[in-house]
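S.K.: So here's start.cif, just mmCIF, C-alpha atoms and all ligand atoms:
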```cif
data_input
loop_
_atom_site.label_atom_id
_atom_site.label_comp_id
_atom_site.auth_asym_id
_atom_site.auth_seq_id
_atom_site.Cartn_x
_atom_site.Cartn_y
_atom_site.Cartn_z
CA MET A 268 143.51 67.55 180.03
CA THR A 269 145.93 64.79 181.03
CA GLN A 270 146.42 64.64 184.76
CA MET A 271 150.04 65.00 185.92
CA VAL A 272 150.67 62.46 188.65
CA VAL A 273 154.11 63.91 189.33
CA ALA A 274 155.30 67.44 188.56
CA THR A 275 158.44 69.11 189.90
CA HIS A 276 159.30 72.79 189.63
CA GLY A 277 162.96 73.81 189.85
CA LEU A 278 163.64 70.97 192.27
CA THR A 279 167.12 71.34 193.76
CA LYS A 280 168.98 69.33 196.39
CA SER A 281 172.45 70.21 197.64
CA TYR A 282 174.66 68.18 199.95
CA GLY A 283 177.27 70.71 201.10
CA LYS A 284 178.85 71.94 197.89
CA VAL A 285 177.48 69.08 195.78
CA ARG A 286 174.35 69.90 193.79
CA ALA A 287 172.95 66.40 193.57
CA LEU A 288 169.86 67.76 191.80
CA ASP A 289 169.84 71.07 190.01
CA ASP A 290 166.68 72.94 188.99
CA VAL A 291 164.76 69.90 187.76
CA SER A 292 161.29 70.47 186.32
CA LEU A 293 159.67 67.32 185.03
CA GLU A 294 156.18 66.00 184.45
CA ILE A 295 154.84 62.47 184.53
CA PRO A 296 151.33 62.09 183.10
CA HIS A 297 148.86 59.51 184.39
CA GLY A 298 149.43 55.94 183.16
CA GLU A 299 152.89 56.51 181.70
CA ILE A 300 155.97 54.36 182.27
CA TYR A 301 158.65 57.01 182.76
CA GLY A 302 162.28 55.89 182.43
CA LEU A 303 164.79 57.99 184.32
CA VAL A 304 168.15 57.58 182.65
CA GLY A 305 171.52 58.78 183.88
CA GLN A 306 175.06 57.70 184.65
CA ASN A 307 176.30 56.83 188.15
CA GLY A 308 175.97 59.85 190.40
CA ALA A 309 173.67 61.72 187.95
CA GLY A 310 171.03 62.38 190.63
CA LYS A 311 168.41 59.69 189.95
CA THR A 312 168.23 58.34 193.49
CA THR A 313 168.22 61.87 194.90
CA LEU A 314 165.19 62.75 192.78
CA ILE A 315 163.44 59.55 193.85
CA ARG A 316 164.22 60.24 197.53
CA LEU A 317 162.67 63.70 197.22
CA LEU A 318 159.55 62.36 195.52
CA THR A 319 159.05 59.71 198.18
CA GLY A 320 159.65 62.11 201.09
CA LEU A 321 162.91 60.47 202.24
CA ALA A 322 164.73 63.77 201.72
CA ARG A 323 163.64 67.41 201.59
CA PRO A 324 164.45 69.73 198.69
CA SER A 325 166.91 72.61 199.21
CA SER A 326 164.69 74.65 196.89
CA GLY A 327 161.93 74.17 194.34
CA SER A 328 158.70 72.28 194.84
CA LEU A 329 156.86 69.15 193.83
CA GLU A 330 153.29 68.10 193.17
CA LEU A 331 151.87 64.63 193.64
CA PHE A 332 148.47 63.87 192.12
CA GLY A 333 147.99 67.61 191.62
CA SER A 334 148.63 68.49 195.30
CA SER A 335 151.56 70.46 196.63
CA GLY A 336 153.01 71.23 200.08
CA ALA A 337 151.42 69.40 203.01
CA ALA A 338 148.67 68.08 200.73
CA ALA A 339 151.34 66.37 198.59
CA ASN A 340 152.65 64.58 201.70
CA ARG A 341 149.16 63.19 202.28
CA GLN A 342 149.29 61.55 198.81
CA ARG A 343 152.26 59.35 199.76
CA PRO A 344 150.12 56.32 200.79
CA ARG A 345 149.13 56.16 197.11
CA ILE A 346 152.77 55.43 196.23
CA GLY A 347 154.59 52.08 196.23
CA ALA A 348 158.36 52.44 196.19
CA LEU A 349 161.55 50.45 195.93
CA ILE A 350 164.61 52.53 196.72
CA GLU A 351 168.17 51.25 196.98
CA ALA A 352 168.29 48.12 199.16
CA PRO A 353 164.77 46.98 200.03
CA VAL A 354 163.79 47.44 203.68
CA LEU A 355 163.10 43.91 204.94
CA SER A 356 163.13 42.12 208.28
CA MET A 357 165.69 39.41 207.70
CA ASP A 358 164.39 37.07 210.43
CA LEU A 359 160.89 37.04 208.99
CA THR A 360 159.80 34.94 206.03
CA ALA A 361 158.86 36.61 202.75
CA ARG A 362 155.18 36.10 203.58
CA GLN A 363 155.57 37.48 207.14
CA ASN A 364 157.34 40.56 205.79
CA LEU A 365 154.46 41.23 203.41
CA GLU A 366 151.80 40.37 206.03
CA ALA A 367 153.26 42.96 208.44
CA LEU A 368 153.13 45.59 205.71
CA ARG A 369 149.62 44.60 204.63
CA ILE A 370 148.31 45.19 208.13
CA GLN A 371 150.28 48.42 208.48
CA ARG A 372 148.72 49.69 205.22
CA GLY A 373 145.22 48.63 206.27
CA LEU A 374 144.70 46.20 203.38
CA ALA A 375 141.98 43.67 204.21
CA GLY A 376 142.49 40.03 203.18
CA ARG A 377 145.51 37.79 202.73
CA GLN A 378 144.98 37.62 198.98
CA TRP A 379 147.00 40.85 198.70
CA VAL A 380 150.10 39.01 199.89
CA ASP A 381 149.50 36.03 197.59
CA GLU A 382 149.05 38.40 194.66
CA ALA A 383 152.27 40.32 195.37
CA LEU A 384 154.31 37.11 195.83
CA GLU A 385 152.96 35.67 192.61
CA GLN A 386 153.57 38.83 190.59
CA VAL A 387 157.30 38.74 191.35
CA GLY A 388 157.64 34.95 190.95
CA LEU A 389 158.09 34.19 194.66
CA GLU A 390 154.92 32.15 195.11
CA GLY A 391 156.97 29.06 196.00
CA ALA A 392 159.32 30.82 198.40
CA GLY A 393 156.90 32.58 200.76
CA SER A 394 157.89 30.53 203.80
CA LYS A 395 161.63 31.07 203.40
CA LYS A 396 163.32 33.63 205.66
CA ALA A 397 164.48 36.81 203.92
CA ARG A 398 167.96 36.12 205.34
CA GLN A 399 168.18 32.94 203.25
CA PHE A 400 167.27 34.76 200.05
CA SER A 401 169.74 35.32 197.22
CA LEU A 402 170.35 38.91 196.08
CA GLY A 403 167.90 38.53 193.19
CA MET A 404 165.23 37.03 195.46
CA ARG A 405 165.62 39.94 197.91
CA GLN A 406 165.18 42.33 195.02
CA ARG A 407 162.00 40.49 194.01
CA LEU A 408 160.71 40.67 197.57
CA GLY A 409 161.48 44.40 197.61
CA LEU A 410 159.41 44.71 194.44
CA ALA A 411 156.58 42.72 196.03
CA VAL A 412 156.64 45.27 198.89
CA ALA A 413 156.28 48.10 196.34
CA LEU A 414 153.52 46.33 194.40
CA LEU A 415 151.49 45.28 197.48
CA GLY A 416 148.02 46.81 197.49
CA ARG A 417 148.21 48.07 193.86
CA PRO A 418 149.42 51.62 194.52
CA GLU A 419 148.48 54.20 191.89
CA LEU A 420 152.06 55.42 191.53
CA LEU A 421 155.08 53.11 191.53
CA ILE A 422 158.52 54.60 192.05
CA LEU A 423 161.25 52.05 191.47
CA ASP A 424 164.98 52.74 191.70
CA GLU A 425 166.83 50.23 189.52
CA PRO A 426 164.06 47.62 189.88
CA VAL A 427 165.65 44.92 187.74
CA ASN A 428 169.03 45.18 189.47
CA GLY A 429 170.35 41.68 190.13
CA LEU A 430 167.45 39.92 188.38
CA ASP A 431 168.05 37.16 185.83
CA PRO A 432 166.57 37.63 182.32
CA THR A 433 163.45 35.60 183.20
CA GLY A 434 162.93 37.67 186.33
CA MET A 435 163.38 40.90 184.34
CA ALA A 436 160.82 39.78 181.76
CA ARG A 437 158.30 38.83 184.44
CA ILE A 438 158.60 42.18 186.21
CA ARG A 439 158.43 44.05 182.93
CA GLU A 440 155.24 42.24 181.92
CA GLU A 441 153.65 42.97 185.29
CA LEU A 442 154.55 46.67 185.11
CA VAL A 443 153.20 47.00 181.56
CA ARG A 444 150.01 45.19 182.60
CA ARG A 445 149.54 47.54 185.56
CA ALA A 446 150.08 50.64 183.45
CA GLN A 447 147.81 49.50 180.61
CA GLN A 448 145.03 47.74 182.50
CA GLU A 449 144.98 49.57 185.82
CA GLY A 450 146.29 52.99 184.77
CA THR A 451 149.19 52.77 187.24
CA THR A 452 151.78 55.49 186.71
CA ILE A 453 155.35 54.21 186.95
CA LEU A 454 158.65 56.01 187.40
CA LEU A 455 161.69 53.81 187.19
CA SER A 456 165.39 54.43 186.94
CA SER A 457 167.75 52.14 185.14
CA HIS A 458 171.20 51.99 183.62
CA LEU A 459 169.95 49.38 181.19
CA LEU A 460 168.76 51.49 178.29
CA ALA A 461 168.02 48.49 176.10
CA GLU A 462 165.85 47.06 178.88
CA LEU A 463 164.00 50.37 179.38
CA ASP A 464 163.45 50.59 175.64
CA LEU A 465 161.28 47.47 175.84
CA PHE A 466 158.58 49.21 177.83
CA ALA A 467 159.14 52.86 178.79
CA THR A 468 156.66 55.27 177.19
CA ARG A 469 158.46 58.45 178.20
CA TYR A 470 162.02 59.35 179.19
CA GLY A 471 163.88 61.83 181.33
CA PHE A 472 167.62 62.03 180.74
CA ILE A 473 169.53 63.33 183.72
CA HIS A 474 173.18 64.40 183.81
CA GLN A 475 175.14 66.01 186.66
CA GLY A 476 171.92 66.77 188.50
CA ARG A 477 170.19 68.45 185.57
CA LEU A 478 167.34 67.17 183.45
CA VAL A 479 168.92 67.49 180.02
CA ARG A 480 165.99 66.16 178.01
CA GLN A 481 162.48 64.86 178.46
CA LEU A 482 160.71 63.16 175.57
CA THR A 483 158.25 60.42 174.65
CA ALA A 484 159.41 56.98 173.47
CA ARG A 485 158.06 57.84 170.01
CA GLU A 486 160.08 61.06 169.87
CA LEU A 487 163.17 59.18 171.03
CA HIS A 488 162.77 56.56 168.32
CA ASP A 489 162.25 59.31 165.76
CA GLN A 490 165.51 60.87 166.82
CA CYS A 491 167.28 57.51 166.57
CA ARG A 492 165.72 56.63 163.20
CA ARG A 493 167.75 55.18 160.39
CA SER A 494 169.70 57.64 158.33
CA LEU A 495 172.44 57.64 155.71
CA ARG A 496 175.73 58.65 157.38
CA ILE A 497 178.14 60.30 154.99
CA GLY A 498 181.68 60.82 156.21
CA VAL A 499 183.62 63.34 154.10
CA ASP A 500 186.64 65.66 154.23
CA ASP A 501 184.41 68.77 154.03
CA ALA A 502 180.78 68.51 155.18
CA ALA A 503 179.80 72.04 154.09
CA ARG A 504 181.05 71.43 150.55
CA ALA A 505 179.33 68.03 150.44
CA ALA A 506 176.07 69.72 151.51
CA THR A 507 176.33 72.16 148.59
CA VAL A 508 176.82 69.27 146.16
CA LEU A 509 173.83 67.41 147.62
CA GLU A 510 171.63 70.48 147.30
CA GLU A 511 172.72 71.61 143.85
CA GLU A 512 173.16 68.29 142.05
CA LEU A 513 170.67 66.02 143.76
CA ARG A 514 168.14 68.54 145.14
CA VAL A 515 168.54 67.01 148.61
CA THR A 516 167.47 69.34 151.42
CA GLY A 517 166.71 67.18 154.47
CA TYR A 518 170.21 66.66 155.88
CA ARG A 519 171.90 67.37 159.21
CA ILE A 520 175.57 68.27 159.53
CA THR A 521 176.80 66.70 162.82
CA ASP A 522 180.36 68.04 162.60
CA GLY A 523 182.74 69.30 159.90
CA HIS A 524 183.12 65.78 158.55
CA GLN A 525 179.74 64.09 158.80
CA LEU A 526 176.25 64.57 157.34
CA LEU A 527 173.13 62.58 158.16
CA LEU A 528 170.44 62.15 155.54
CA ASP A 529 166.94 61.04 156.50
CA SER A 530 165.86 60.45 152.89
CA HIS A 531 167.58 58.92 149.82
CA LEU A 532 168.65 55.90 151.92
CA ASP A 533 168.72 53.68 148.78
CA GLU A 534 170.76 56.09 146.71
CA ALA A 535 174.17 55.73 148.32
CA ALA A 536 175.87 54.92 145.00
CA THR A 537 174.41 57.98 143.20
CA ILE A 538 175.37 60.23 146.11
CA ASN A 539 178.88 58.79 146.22
CA SER A 540 179.42 59.42 142.47
CA ALA A 541 178.14 63.00 142.68
CA LEU A 542 180.39 63.81 145.64
CA VAL A 543 183.48 62.19 144.10
CA ARG A 544 182.84 63.99 140.77
CA ALA A 545 182.78 67.27 142.67
CA GLY A 546 186.14 66.46 144.31
CA VAL A 547 184.76 65.62 147.78
CA GLN A 548 186.55 62.75 149.50
CA VAL A 549 184.12 60.20 150.88
CA HIS A 550 185.37 57.87 153.62
CA GLN A 551 182.09 56.59 155.06
CA LEU A 552 178.70 55.87 153.53
CA GLU A 553 176.35 53.69 155.51
CA VAL A 554 172.74 53.42 156.56
CA ARG A 555 172.54 53.24 160.33
CA GLY A 556 170.16 54.03 163.17
CA ALA A 557 171.54 55.54 166.35
CA SER A 558 171.28 53.20 169.33
CA LEU A 559 169.88 54.55 172.58
CA GLU A 560 173.43 54.49 173.92
CA ASP A 561 174.61 56.64 170.99
CA TYR A 562 171.76 59.04 171.62
CA PHE A 563 172.52 59.30 175.32
CA SER A 564 176.26 59.74 174.88
CA ASP A 565 175.67 62.50 172.26
CA LEU A 566 173.26 64.17 174.69
CA VAL A 567 175.75 64.02 177.54
CA LYS A 568 178.55 65.38 175.30
CA GLY A 569 176.27 68.26 174.27
CA ALA A 570 175.35 68.99 177.91
P1 LIG A 601 173.72 55.69 190.74
O1 LIG A 601 173.31 55.32 189.36
O2 LIG A 601 175.17 55.45 190.96
O3 LIG A 601 172.85 55.12 191.81
P2 LIG A 601 172.39 58.28 191.00
O4 LIG A 601 172.05 58.88 189.68
O5 LIG A 601 171.29 57.60 191.73
O6 LIG A 601 173.64 57.31 190.83
P3 LIG A 601 172.62 59.96 193.35
O7 LIG A 601 172.74 58.83 194.33
O8 LIG A 601 171.35 60.70 193.29
O9 LIG A 601 173.01 59.46 191.89
O10 LIG A 601 173.81 60.97 193.66
C1 LIG A 601 173.94 62.25 193.03
C2 LIG A 601 175.12 62.99 193.63
O11 LIG A 601 174.79 63.38 194.97
C3 LIG A 601 176.41 62.20 193.73
O12 LIG A 601 177.48 63.10 193.48
C4 LIG A 601 176.43 61.74 195.17
O13 LIG A 601 177.76 61.57 195.62
C5 LIG A 601 175.75 62.89 195.88
N1 LIG A 601 175.01 62.45 197.10
C6 LIG A 601 173.93 61.66 197.12
N2 LIG A 601 173.49 61.48 198.39
C7 LIG A 601 174.35 62.17 199.19
C8 LIG A 601 174.45 62.37 200.62
N3 LIG A 601 173.56 61.83 201.46
N4 LIG A 601 175.46 63.14 201.06
C9 LIG A 601 176.34 63.69 200.20
N5 LIG A 601 176.31 63.54 198.88
C10 LIG A 601 175.34 62.79 198.36
#
```
So, in terms of structure tokens, how does the structure I just supplied come out?
Ligand code: ATP

M.R.:
Amino acid sequence: MTQMVVATHGLTKSYGKVRALDDVSLEIPHGEIYGLVGQNGAGKTTLIRLLTGLARPSSGSLELFGSSGAAANRQRPRIGALIEAPVLSMDLTARQNLEALRIQRGLAGRQWVDEALEQVGLEGAGSKKARQFSLGMRQRLGLAVALLGRPELLILDEPVNGLDPTGMARIREELVRRAQQEGTTILLSSHLLAELDLFATRYGFIHQGRLVRQLTARELHDQCRRSLRIGVDDAARAATVLEEELRVTGYRITDGHQLLLDSHLDEAATINSALVRAGVQVHQLEVRGASLEDYFSDLVKGA
């Protein structure tokens, strides 16, 4: 059976009257790259704060590496995290920041620091003070802090925030390498769906504190697959024509004026003629896949 590295059960966090997180039950299997997707204020950071022990749940529970309660707290050294602004000593150099952490975490040998600096592309900037770093460089150093010592679980809140495209690609490659070669489990939040789509293997969509859907990347792509969109004046009537005249059965009616067909993608002309002959007005006929953004906005509308 696949080991769940993270599991939450009805996790809820309220701040006064605000339910920042509402009854969230999610599971992250070993070795997965789990993308947490949600709009501003959806509850992503709150969930991450609960998982990393920076905040306590109002109700519900969580398991880390199969342990719950006090035993789950003891698993936290196995986690590397980047949450909001990275915690750095501004008067220390990048290397000194990492050295202090290395010693604190009991990691023997300076190679750990070299490795972390190199993996985020800061190998040439180790002797520069954190204060002199640009925003993107501070973000990279924050990532180096999370990566230091190869933790088994990485929890990263908006990790590519402020990074240039080269920096994003470098971090992405490193995270994929860790997941695939070292079996690291990774939870990361991002607003950049297109960026997540390049490497996430599983998704959790969160809206107004609730987990509205959890699915694998394959399932997500299936749901966004190409289909023939038929815009008409009367979708129910068009469906009857499709069934009776063309023996089409695999369609979805999205609203009173639109059908989606997963088959017959090359037969737009035949479909158009049959509908027009039957007196159905056709105002749209195109083959299109839903983008991740389309999928997410439909999900949020439905929620
Ligand atoms: P963003 O993408 O903008 O970072 P998010 O998904 O991370 O958003 P959270 O920071 O988890 O969202 O916030 C969820 C909700 O909880 C918001 O309504 C926020 O105002 C509220 N909230 C978060 N932290 C606190 C706090 N310490 N006190 C009061 N309300 C809070």

S.K.: In terms of the shortest atom-to-atom distance over all atoms listed in the file, which of A:Leu528, A:Leu414, A:Leu459, A:Leu509 is closest to A:Gly429?

M.R.: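 Going through A:Leu528, A:Leu414, A:Leu459, A:Leu509 one by one, the smallest distance to A:Gly429 is for A:Leu459.
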
S.K.: Around all of ligand LIG 601 (chain A)'s listed atoms, make the axis-aligned box with 3 Å on each side and tell me centre and edge lengths in Å to one decimal, as JSON.

M.R.:
```
{"center_x": 174.5, "center_y": 59.4, "center_z": 195.4, "size_x": 12.5, "size_y": 14.6, "size_z": 18.1}
```

S.K.: Listing only residues of chain A within 9 Å of ligand LIG 601 (chain A), what is the closest atom pair and its distance in Å (to one decimal) for each, using all atoms listed in the file, sorted by chain and residue number ascending, as a tab-separated table?

M.R.:
```
residue	atom	partner	partner_atom	distance
A:Lys280	CA	A:LIG601	O11	8.4
A:Ser281	CA	A:LIG601	O11	7.7
A:Tyr282	CA	A:LIG601	C9	4.8
A:Gly283	CA	A:LIG601	C9	7.1
A:Lys284	CA	A:LIG601	N5	8.8
A:Val285	CA	A:LIG601	O11	6.4
A:Arg286	CA	A:LIG601	O11	6.6
A:Ala287	CA	A:LIG601	O11	3.8
A:Leu288	CA	A:LIG601	C1	7.0
A:Val304	CA	A:LIG601	O4	8.1
A:Gly305	CA	A:LIG601	O4	5.8
A:Gln306	CA	A:LIG601	O1	5.6
A:Asn307	CA	A:LIG601	O2	3.3
A:Gly308	CA	A:LIG601	O9	3.3
A:Ala309	CA	A:LIG601	O4	3.7
A:Gly310	CA	A:LIG601	O8	3.2
A:Lys311	CA	A:LIG601	O4	3.7
A:Thr312	CA	A:LIG601	O5	3.6
A:Thr313	CA	A:LIG601	O8	3.7
A:Leu314	CA	A:LIG601	O8	6.5
A:Ile315	CA	A:LIG601	O8	8.0
A:Arg316	CA	A:LIG601	O8	8.3
A:Glu351	CA	A:LIG601	O3	8.0
A:Asp424	CA	A:LIG601	O5	8.0
A:Glu425	CA	A:LIG601	O3	8.1
A:Ser456	CA	A:LIG601	O5	8.2
A:Ser457	CA	A:LIG601	O1	7.7
A:His458	CA	A:LIG601	O1	7.0
A:Ile473	CA	A:LIG601	O4	7.9
A:His474	CA	A:LIG601	O4	8.1
A:Gln475	CA	A:LIG601	C1	7.5
A:Gly476	CA	A:LIG601	C1	6.7
```

S.K.: Taking 2 positions as the minimum chain separation for residues in the same chain, which residues sit within 6 Å of A:Arg398 when counting only C-alpha atoms? Answer as a PDB file with C-alpha atoms, in the frame of the given file.

M.R.:
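What landed in result.pdb:
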```
ATOM      1  CA  MET A 357     165.690  39.410 207.700  1.00  0.00           C
ATOM      2  CA  LYS A 396     163.320  33.630 205.660  1.00  0.00           C
ATOM      3  CA  PHE A 400     167.270  34.760 200.050  1.00  0.00           C
TER       4      PHE A 400
END
```

S.K.: Give me the residues near A:Gln448 as a list of chain:residue names, where near means some atom within 10 Å (using only C-alpha atoms) and where sequence neighbours in that chain fewer than 5 positions away do not count.

M.R.: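 These residues fall inside the cut-off: A:Gly298, A:Leu442, A:Val443.
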
S.K.: Pull C-alpha atoms from the residues just selected and write them as an mmCIF file, in the frame of the given file.

M.R.:
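See part-v1.cif below for the written result:
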```cif
data_model
loop_
_atom_site.group_PDB
_atom_site.id
_atom_site.type_symbol
_atom_site.label_atom_id
_atom_site.label_comp_id
_atom_site.auth_asym_id
_atom_site.auth_seq_id
_atom_site.Cartn_x
_atom_site.Cartn_y
_atom_site.Cartn_z
ATOM 1 C CA GLY A 298 149.430 55.940 183.160
ATOM 2 C CA LEU A 442 154.550 46.670 185.110
ATOM 3 C CA VAL A 443 153.200 47.000 181.560
#
```

S.K.: Can you pull out every residue within 9 Å of A:Ile422, counting all atoms listed in the file, but drop anything in the same chain fewer than 6 positions away, and send it as a short mmCIF file (atom, residue, chain, number, x, y, z; two decimals) with C-alpha atoms, in the coordinates of the input?

M.R.:
```cif
data_model
loop_
_atom_site.label_atom_id
_atom_site.label_comp_id
_atom_site.auth_asym_id
_atom_site.auth_seq_id
_atom_site.Cartn_x
_atom_site.Cartn_y
_atom_site.Cartn_z
CA ILE A 315 163.44 59.55 193.85
CA LEU A 318 159.55 62.36 195.52
CA THR A 319 159.05 59.71 198.18
CA ILE A 346 152.77 55.43 196.23
CA GLY A 347 154.59 52.08 196.23
CA ALA A 348 158.36 52.44 196.19
CA LEU A 349 161.55 50.45 195.93
CA ILE A 350 164.61 52.53 196.72
CA ALA A 413 156.28 48.10 196.34
CA THR A 452 151.78 55.49 186.71
CA ILE A 453 155.35 54.21 186.95
CA LEU A 454 158.65 56.01 187.40
CA LEU A 455 161.69 53.81 187.19
CA SER A 456 165.39 54.43 186.94
#
```
